[in-house]
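Chemist: One structure follows; several queries about it will come next.
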Amino acid sequence: METLVPLFVIACVVLALIGLAMAFFRYRRQSAREAHRIQHRRQDFEERARRAVWASATIVTLRRSDIAERGQPTARLDLRLQVQPPDGEPYPATTAWLARLDNLPQLQPGQSISVKIDPDDPQRIYPNLAGVEYWVWD
């Protein structure tokens, strides 16, 4: 009976270590899959942005939420735009962008700005301004 207790404790410790090892490797495998999925989404986004069509838009409304992104003062901008495609009728669209605070004076309601229209989704409007990027985190 005296030797059974230490063997039982050793068996429990070994089983616990095996369980921890299995959980660790499952977590690493899921992390690798998630990283691959994120990379694939980013590549898809970059390809779509590259193929986007140049256009102009007028800012109808703008809602600003200040945030700190990459250590710089930035703002998330939720915009309603009147988009003028190069060949077609103007249409309304909504979008979200990330902008450095020093770029905000050029982004005001009533202003006309240069944009790019996603070829697969005309409601996806990319900014064509330095210091302003499409908000991809939603």
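Chain labels run A, B, ... following the order of the structure tokens; each chain numbers its residues from 1, and ligands are numbered from 1 in the order shown.
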Excluding Leu104 in chain A and any residue of its chain fewer than 6 positions from it, enumerate the residues within 10 Å of it, using only C-alpha atoms, and give them as JSON, numbers by chain.

Modeler: {"A": [64, 74, 75, 77, 131, 132]}

Chemist: If DSSP is run on the backbone, what residues of range 46-116 of chain A are strand (DSSP E or B)? A reply as JSON, numbers by chain would be ideal.

Modeler: {"A": [53, 54, 55, 56, 57, 58, 59, 60, 61, 62, 63, 64, 65, 66, 67, 68, 69, 72, 73, 74, 75, 76, 77, 78, 79, 80, 81, 82, 83, 84, 91, 92, 93, 94, 95, 96, 97, 98, 99, 100, 112, 113, 114, 115, 116]}

Chemist: Let me see the file: selected residues, N, CA and C atoms, as a compact mmCIF listing (two decimals), in the first residue's frame.

Modeler:
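In the end it all went to again-v4.txt:
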```
# COMPACT_ATOMS: atom_id res chain seq x y z
N VAL A 53 -10.52 51.09 -58.68
CA VAL A 53 -10.66 52.07 -59.75
C VAL A 53 -10.62 53.48 -59.16
N TRP A 54 -9.85 54.36 -59.78
CA TRP A 54 -9.76 55.75 -59.35
C TRP A 54 -11.10 56.44 -59.52
N ALA A 55 -11.43 57.27 -58.54
CA ALA A 55 -12.68 58.03 -58.60
C ALA A 55 -12.55 59.24 -57.69
N SER A 56 -13.62 60.00 -57.61
CA SER A 56 -13.67 61.10 -56.65
C SER A 56 -14.91 60.92 -55.80
N ALA A 57 -14.90 61.58 -54.65
CA ALA A 57 -16.06 61.51 -53.76
C ALA A 57 -16.15 62.81 -52.98
N THR A 58 -17.35 63.13 -52.60
CA THR A 58 -17.58 64.28 -51.73
C THR A 58 -17.98 63.75 -50.36
N ILE A 59 -17.36 64.29 -49.33
CA ILE A 59 -17.68 63.87 -47.97
C ILE A 59 -19.02 64.49 -47.58
N VAL A 60 -19.98 63.66 -47.25
CA VAL A 60 -21.30 64.12 -46.84
C VAL A 60 -21.31 64.33 -45.33
N THR A 61 -20.94 63.29 -44.59
CA THR A 61 -20.83 63.39 -43.14
C THR A 61 -19.58 62.65 -42.70
N LEU A 62 -19.11 63.02 -41.51
CA LEU A 62 -17.90 62.42 -40.96
C LEU A 62 -18.06 62.34 -39.44
N ARG A 63 -17.83 61.13 -38.90
CA ARG A 63 -17.83 60.96 -37.44
C ARG A 63 -16.44 60.49 -37.05
N ARG A 64 -15.86 61.14 -36.06
CA ARG A 64 -14.46 60.90 -35.67
C ARG A 64 -14.40 60.26 -34.29
N SER A 65 -13.54 59.24 -34.15
CA SER A 65 -13.26 58.61 -32.86
C SER A 65 -11.74 58.57 -32.71
N ASP A 66 -11.19 59.36 -31.79
CA ASP A 66 -9.74 59.39 -31.60
C ASP A 66 -9.26 58.10 -30.94
N ILE A 67 -8.14 57.58 -31.46
CA ILE A 67 -7.52 56.37 -30.92
C ILE A 67 -6.00 56.53 -31.02
N ALA A 68 -5.30 55.65 -30.35
CA ALA A 68 -3.84 55.60 -30.50
C ALA A 68 -3.51 54.35 -31.28
N GLU A 69 -2.97 54.53 -32.44
CA GLU A 69 -2.61 53.41 -33.32
C GLU A 69 -1.13 53.50 -33.62
N GLN A 72 0.88 56.57 -32.50
CA GLN A 72 0.64 57.90 -33.07
C GLN A 72 -0.80 58.31 -32.82
N PRO A 73 -1.05 59.59 -32.61
CA PRO A 73 -2.43 60.03 -32.45
C PRO A 73 -3.16 59.91 -33.79
N THR A 74 -4.18 59.12 -33.80
CA THR A 74 -4.95 58.89 -35.03
C THR A 74 -6.43 58.92 -34.69
N ALA A 75 -7.24 58.87 -35.72
CA ALA A 75 -8.68 58.85 -35.54
C ALA A 75 -9.29 57.85 -36.50
N ARG A 76 -10.29 57.15 -36.01
CA ARG A 76 -11.12 56.33 -36.90
C ARG A 76 -12.19 57.27 -37.42
N LEU A 77 -12.36 57.27 -38.72
CA LEU A 77 -13.35 58.14 -39.36
C LEU A 77 -14.43 57.28 -40.00
N ASP A 78 -15.66 57.50 -39.59
CA ASP A 78 -16.80 56.86 -40.24
C ASP A 78 -17.40 57.91 -41.18
N LEU A 79 -17.34 57.62 -42.47
CA LEU A 79 -17.73 58.61 -43.47
C LEU A 79 -18.92 58.14 -44.28
N ARG A 80 -19.75 59.11 -44.63
CA ARG A 80 -20.75 58.93 -45.66
C ARG A 80 -20.28 59.74 -46.84
N LEU A 81 -20.18 59.11 -47.98
CA LEU A 81 -19.63 59.76 -49.18
C LEU A 81 -20.66 59.75 -50.31
N GLN A 82 -20.51 60.72 -51.19
CA GLN A 82 -21.20 60.70 -52.48
C GLN A 82 -20.11 60.41 -53.50
N VAL A 83 -20.09 59.17 -54.00
CA VAL A 83 -19.01 58.70 -54.86
C VAL A 83 -19.34 58.97 -56.32
N GLN A 84 -18.36 59.49 -57.04
CA GLN A 84 -18.51 59.75 -58.48
C GLN A 84 -17.57 58.81 -59.23
N TYR A 91 -23.24 57.79 -56.49
CA TYR A 91 -24.01 56.96 -55.56
C TYR A 91 -23.48 57.17 -54.14
N PRO A 92 -24.34 56.94 -53.14
CA PRO A 92 -23.90 57.08 -51.75
C PRO A 92 -23.18 55.82 -51.28
N ALA A 93 -22.22 56.02 -50.38
CA ALA A 93 -21.50 54.88 -49.79
C ALA A 93 -21.05 55.27 -48.39
N THR A 94 -20.88 54.28 -47.56
CA THR A 94 -20.31 54.50 -46.22
C THR A 94 -19.03 53.71 -46.12
N THR A 95 -18.09 54.24 -45.35
CA THR A 95 -16.79 53.59 -45.19
C THR A 95 -16.18 54.01 -43.86
N ALA A 96 -15.15 53.31 -43.46
CA ALA A 96 -14.40 53.67 -42.25
C ALA A 96 -12.92 53.72 -42.62
N TRP A 97 -12.25 54.79 -42.19
CA TRP A 97 -10.84 54.97 -42.47
C TRP A 97 -10.09 55.27 -41.19
N LEU A 98 -8.80 55.06 -41.23
CA LEU A 98 -7.90 55.42 -40.14
C LEU A 98 -7.03 56.56 -40.64
N ALA A 99 -7.00 57.68 -39.90
CA ALA A 99 -6.25 58.85 -40.37
C ALA A 99 -5.42 59.44 -39.25
N ARG A 100 -4.22 59.92 -39.63
CA ARG A 100 -3.42 60.70 -38.67
C ARG A 100 -4.17 62.01 -38.41
N SER A 112 -14.25 67.59 -51.66
CA SER A 112 -14.08 66.55 -52.67
C SER A 112 -12.70 65.93 -52.48
N ILE A 113 -12.65 64.60 -52.50
CA ILE A 113 -11.40 63.88 -52.27
C ILE A 113 -11.21 62.80 -53.32
N SER A 114 -9.98 62.36 -53.47
CA SER A 114 -9.65 61.27 -54.37
C SER A 114 -9.80 59.95 -53.63
N VAL A 115 -10.48 59.01 -54.28
CA VAL A 115 -10.70 57.69 -53.68
C VAL A 115 -10.49 56.62 -54.74
N LYS A 116 -10.54 55.37 -54.28
CA LYS A 116 -10.51 54.22 -55.19
C LYS A 116 -11.69 53.33 -54.83
```

Chemist: Pick from A:Pro119, A:Arg124, A:Trp135, A:Glu89: nearest to Arg51 in chain A, with only C-alpha atoms counted?

Modeler: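 Checking each candidate against Arg51 in chain A, we get A:Pro119 as the closest.
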
Chemist: Using DSSP on the backbone, list every residue of chain A that comes out as helix (DSSP H, G or I), and give them as a PyMOL selection string.

Modeler: chain A and resi 4-51+101-106

Chemist: Give me the residues near Arg48 in chain A as a list of chain:residue names, where near means some atom within 10 Å (using only C-alpha atoms) and where sequence neighbours in that chain fewer than 3 positions away do not count.

Modeler: A:Arg42, A:Gln43, A:Asp44, A:Phe45, A:Arg51, A:Ala52, A:Val53, A:Ile117, A:Asp118, A:Pro119, A:Asp120, A:Asp121, A:Arg124, A:Tyr126

Chemist: Given the selection you just returned, output its residues as a file containing C-alpha atoms, formatted as a PDB file, in the first residue's frame.

Modeler:
```pdb
ATOM      1  CA  ARG A  42      -4.424  40.830 -45.817  1.00  0.00           C
ATOM      2  CA  GLN A  43      -3.179  39.565 -49.194  1.00  0.00           C
ATOM      3  CA  ASP A  44      -6.758  39.511 -50.499  1.00  0.00           C
ATOM      4  CA  PHE A  45      -7.299  43.055 -49.208  1.00  0.00           C
ATOM      5  CA  ARG A  51      -7.203  46.626 -58.587  1.00  0.00           C
ATOM      6  CA  ALA A  52      -9.459  49.438 -57.308  1.00  0.00           C
ATOM      7  CA  VAL A  53     -10.665  52.071 -59.747  1.00  0.00           C
ATOM      8  CA  ILE A 117     -13.539  51.960 -55.653  1.00  0.00           C
ATOM      9  CA  ASP A 118     -13.209  48.233 -54.978  1.00  0.00           C
ATOM     10  CA  PRO A 119     -13.798  46.373 -58.260  1.00  0.00           C
ATOM     11  CA  ASP A 120     -15.811  43.599 -56.567  1.00  0.00           C
ATOM     12  CA  ASP A 121     -17.741  45.726 -54.073  1.00  0.00           C
ATOM     13  CA  ARG A 124     -15.912  49.484 -50.362  1.00  0.00           C
ATOM     14  CA  TYR A 126     -10.428  53.142 -50.255  1.00  0.00           C
TER      15      TYR A 126
END
```
